[in-house]
Every structure is written in C-alpha cells, then in structure tokens.
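Since the structure comes first, as structure tokens, the remarks are kept for the end.
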Amino acid sequence: MDDRLKGEEKAEFVHNVFESIARDYDRMNSVISFGRHEAWRNYTNRRMGVKSGQKAIDLCCGTCDWTISLAEAVGPQGEVVGLDFSQNMLDIGAQKVKQTGLNQITLINGDAMKIPYPDNTFDYATIGFALRNVPDYRKVLREMERVVKPGGQVVSLEVSKPPFIPYRKLFYLYFYKILPLVAKFIVNKYDEYAWLPQSLTHFPDSRKLANDFREAGLQNVQVKLFAGGVSALHIGFKKEGEPMRKLRIILEMIKFEHSIFALPFAFMGAILGSFYVNGTWPTWGQVFWIVMAMVGARSAAMSLNRVIDKQFDVENPRTSMRAIPAGLIKEKEVIFFIVASFVLLFLAASQLNMLAVKLLPIAVFFLVFYSYTKRFTWACHLVLGIALGLAPLGGWVAVTGEINGISLLLFVSVALWSAGFDVIYACQDAEFDRERGLYSIPSYFGIPKALKVARIFHVFTIAGFITLFFLTSLTFWFGAGIIISALILVYEHSLVKPTDLSKLNTAFFTMNGVLSFVVFAFTFIDFIMR
C-alpha cells in the first residue's frame, strides 16, 4: 500500500481498512499501546474539564469508548454525538452504548471533513487516534473549530513522533516493523496494521500539529506528550472576546459551579435564623445580598488558593494544567479578580447589617489562612471546614444581626461536613504531599486512617443536625432530610476505598452537591408546609 495516497483514494482505502479490522479494533488498541490508551484518554477527559449538561461531538469515534466516557461526563442533561465513516465500527459501538443505557448518545455515519452540524453547536469536538488517517487533517481541524462554540475546545489524542531522536528510532522499529507482525500473529491481519504505522510517516510531529491548530483559528493551544512522545494530546480553544475569555478561564479555574456546595447551607442558615429570631421569611433583598456575599467570598478564596499554591500546582501532575501554571491567564489578572471579589463581599456585608461588617475580617482571615495551613499542619482540613462553615453562620447573621447557640451548632455541623469531604479529596494527593513536605491527614496518617477520620467527621455532622432538630421547632420534614443526608454520606464513603480512589470525584463533587441541596430543600419544605 502506497502511504502517499490522498483525497478520495485515501478515504476509500482507510474506510476499507477500518471496516475490516472493526472486530479486532479494541483488542489491538490495547496491544499496540500496552494498555496505556485508556489512561491517556482518562487524563484527557480530566484536563478538558467536561461539565454536566454540555454538548460534545466525537469524530472518528470508532467503537465509541471515548464517546461513552464523554457521555458519562455530560450526564443525562448533556448530549454527545459519535461520528464515524465505518458502519462496522459504529455497529460495535452501538452495542456498547446500548449496554451502558446512556440515552444522551447519538451515533451517525458521516465524514469528519463535512460535519453535518451548524456553526457553534458543541462545547467540545474530539478526535482520538484518527486525525492522521483522514485525507486532509487540516480541513478536519477547521471543521472542528467551526462547530464548537466560542470558548469551546478542539481536542486531538494521536500517535506522535518522539522528539528524542534515539528513542524515536526505537519507537519506529516497534511501530513500523514489529507491530504488523504482532497483528499478523494475533488477528491474522498484516497489511491493515502495516498501513496504520505508515499513516504516521507524513503526519506532523507535536510541535507542527500545534501550529496547525493555530492556523485553524484556535488559540491557547496546549500540548501534552505521553510515554516520551509516542502519543500526544493537543487542545485548542475557539476564539472569543478577550474579556469574556479571561472571565471564563477564571471561573473554570475556581470551579465556580461548585458554589452549590456552600450556597444551600447559606440559605438554610438564613431561613432558620429568620424564622427563629424574626418569625418570618428573609426578604428578597437579604437573599440577593447573601448570594452576592457568597459569590464574592468563594471567588476570592478559590482564586487566592490558586495564586498561593501555584508553585505546587506546577509540580503536581493532577494540577499542572490549571490556568496559572498552564499560562492561560496571568497572575496579576487573577489578583485583580481577587480584589474585585473582596470588594463585592464587603459591599454585600454593608448592605445587610453592621454585625456582618464587623465579622468580615474574621471571614477574610480564614479564607486567606487556609491556603497556607497545608505547609505546617495536617489540621488544614479543619481550617477549610471553618471557612465553609461560615456560610450558614453568615446566612444567619445576615438576616438576624446576631449569633446564638443554634447558629453555632449549625456552623460546627457544616464545618465538620466540609472538613470530612476535604479529607477524602486530599487522598488523591497523599503521595505528592509527602514528597513535597506538605501536610494533610492522608499524607500524615495514611489513606486508610484518613478515610476513617472523614467518617468520624461526618458522623458528628449528622449528630449535629439531629441535635438541631430537637433544639428547634423543625418538624418531620427536616428529620426526613437528615435521614436522606445520612444515607448520602454512607453511599459517598462506600465509593472511596483505600485501594480504589477511581470514584473519588463522584464522591466529592456529585454527592456533596446533592447533600447540601437536600438539607436546604427539606429545611425549606419544613417551613413551607406550616
């Protein structure tokens, strides 16, 4: 087979190749990459930061492994399209999709160079180990850029050419000479797997491909090499207005959507305090300024944490591609955002009452202090707990102008809940923290003991809510919320084991967001039903 085929001739040949190897595709992928392709894809998914409810298109989706993982990330409210020109590959992928029960996936037989969707449709356009096989990869990149929204990501995971020449020659020996023989032995297909390595011959290296991304109109192009450069990840962003781009990067950096962790507890404190002290609902004006205060406080805290920890984020593989270490935004721009966030927090407090203003320095102290505690104490999780526990206490103070025993009980309960889930989250960085001399309960005591400590914290959280139930006029509805919350915590802890942290993000992000909403919702219902 002549590896210089172009245009329709190449398209027809490649189509025939993939039609013929469809049944063996998954097995040979594992053989070719020594099982590493899944780890590369998982890393890519984390780096993309796919969010629930978003839309993605996976080009040349093959047997749909990446399509399925994208669908799991966008959730039931999202949408993922898998496109491939090989019906045999799609048929196998459709069987996998059916087994998963994911209804948000649509599979279509189509051409990656003529994507059948209008401009600005998707949040992500991905292509995995197929860009080198299309007749005109530059045209595919332009098509991917066209169909993503402003600020959307174009993502390629592809075989590449190692930059270190001796290693490249060794890789070529394996890829060009040994791989076809292995394929002949395992699946009795030599010619097809002789073509796949040859498709790399005229394909650009990672640096040239990054330039091609830019020529396609993409910006902030990021490159990550795997296994010394035998595989490369390229991510480019579709251009958007500069102010909006900077704001989007900052909001992604601080995980703004995770404000759901604390905001429901702030509302809970406001409702409890208003009824306990004033005998009525909070005003809409109070609710508005509580939201503004929470947005300002959390935005300032998370941005500060990213600035203060930037040296560790660079060194930690899990965080090395966050906005500041990746160079997506300048530190001084984040500092400006921090100042603006603190101004918003002060303005909100001044619109509520004088006690809120007087307590503001204490809140600011803990928001700033937390980021330094991991440098000298494993009790850093408790400091974070105090910072987040200020949410319900702040809501209470905002509507009452006072602090009492009930408000402090709510504060302690939420603080322990926050500290517990932060202990769980820190388990994934235990080894890194030990190597860098950083402190956390997992790094200091080990992951098994850390998970036990997290369980103890959460037991006291539920005990605090139960005590709150008996000390106030809360009724059956709040009690039902406590029971559901306890079950959520039990489920959360069942997801994370000392030897298996693969479901940690589900335990941390999803379940804690659900728990905070459940506690607030049943508190709200409790007063509505009176």
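In the structure tokens, chains take letters A, B, ... by order of appearance, with residues numbered from 1 within each chain and ligands from 1 in the order shown.
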
I want to know what sits within 6 Å of Val80 (chain A), based on only C-alpha atoms, with residues of the same chain fewer than 4 positions away left out; could you give that as a PDB file with N, CA, C and O atoms, in the first residue's frame?
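Output file part-v2.pdb follows:
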ATOM      1  N   LYS A  55     -22.412  19.763  25.528  1.00  0.00           N
ATOM      2  CA  LYS A  55     -22.554  19.020  24.280  1.00  0.00           C
ATOM      3  C   LYS A  55     -21.179  18.758  23.673  1.00  0.00           C
ATOM      4  O   LYS A  55     -20.327  19.640  23.657  1.00  0.00           O
ATOM      5  N   ALA A  56     -20.989  17.550  23.161  1.00  0.00           N
ATOM      6  CA  ALA A  56     -19.706  17.188  22.554  1.00  0.00           C
ATOM      7  C   ALA A  56     -19.949  16.356  21.307  1.00  0.00           C
ATOM      8  O   ALA A  56     -20.968  15.661  21.192  1.00  0.00           O
ATOM      9  N   ILE A  57     -19.009  16.424  20.382  1.00  0.00           N
ATOM     10  CA  ILE A  57     -19.020  15.548  19.215  1.00  0.00           C
ATOM     11  C   ILE A  57     -17.678  14.833  19.160  1.00  0.00           C
ATOM     12  O   ILE A  57     -16.622  15.458  19.272  1.00  0.00           O
ATOM     13  N   ALA A  71     -20.050  10.982  27.357  1.00  0.00           N
ATOM     14  CA  ALA A  71     -21.467  10.961  27.735  1.00  0.00           C
ATOM     15  C   ALA A  71     -21.635  10.821  29.240  1.00  0.00           C
ATOM     16  O   ALA A  71     -22.530  11.434  29.840  1.00  0.00           O
ATOM     17  N   ILE A 105     -26.497   9.715  23.879  1.00  0.00           N
ATOM     18  CA  ILE A 105     -25.558   9.488  22.771  1.00  0.00           C
ATOM     19  C   ILE A 105     -26.315   9.295  21.462  1.00  0.00           C
ATOM     20  O   ILE A 105     -27.267   8.525  21.396  1.00  0.00           O
TER      21      ILE A 105
END

Considering only C-alpha atoms, return as a ChimeraX atom specification whatever protein or nucleic-acid residues lie within 6 Å of Ser371 (chain A), sequence-local ones (same chain, fewer than 2 positions apart) excluded.
-> /A:305,369,373

Closest-contact table, region 365-417 of chain A side, partner region 264-276 of chain A, 12 Å, counting only C-alpha atoms, as a tab-separated table:
residue	atom	partner	partner_atom	distance
A:Leu388	CA	A:Phe265	CA	9.2
A:Gly389	CA	A:Phe265	CA	8.5
A:Leu390	CA	A:Ala266	CA	8.3
A:Ala391	CA	A:Ala266	CA	4.7
A:Pro392	CA	A:Ala266	CA	4.0
A:Leu393	CA	A:Gly269	CA	6.2
A:Gly394	CA	A:Ala266	CA	6.7
A:Gly395	CA	A:Ala270	CA	4.3
A:Trp396	CA	A:Ala270	CA	4.6
A:Val397	CA	A:Gly273	CA	7.6
A:Ala398	CA	A:Ala270	CA	7.0
A:Val399	CA	A:Ser274	CA	5.8
A:Thr400	CA	A:Ser274	CA	6.3
A:Gly401	CA	A:Gly273	CA	9.5
A:Glu402	CA	A:Gly273	CA	9.2
A:Ile403	CA	A:Gly273	CA	9.3
A:Asn404	CA	A:Gly273	CA	9.7
A:Gly405	CA	A:Gly273	CA	11.3
A:Ile406	CA	A:Gly273	CA	8.7
A:Ser407	CA	A:Gly269	CA	7.4
A:Leu408	CA	A:Gly269	CA	10.4
A:Leu409	CA	A:Gly269	CA	10.8
A:Leu410	CA	A:Gly269	CA	7.6
A:Phe411	CA	A:Gly269	CA	8.8
A:Ser413	CA	A:Phe265	CA	10.6
A:Val414	CA	A:Phe265	CA	7.9
A:Ala415	CA	A:Phe265	CA	10.8
A:Trp417	CA	A:Phe265	CA	11.2

What is the distance between CA of Gly446 (chain A) and CA of His493 (chain A), in Å to one decimal?
->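 Interatomic distance here is 16.3 Å.
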
For Leu489 (chain A), which residue among A:Phe476, A:Ala450, A:Gly420, A:Glu333 is the nearest when counting only C-alpha atoms?
->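 Selected residue with least distance to Leu489 (chain A): A:Gly420.
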
Helix (DSSP H, G or I) residues, from DSSP on the backbone, in region 172-420 of chain A, as an MDAnalysis selection string = chainID A and resid 172:187 191:198 206:215 227:229 242:253 256:261 263:278 284:308 310:315 331:350 354:358 360:373 380:400 405:420

Contact residues around Lys224 (chain A) with only C-alpha atoms at 8 Å, ignoring same-chain residues under 6 positions, as a list in words | Ala232, Leu233 and His234 of chain A
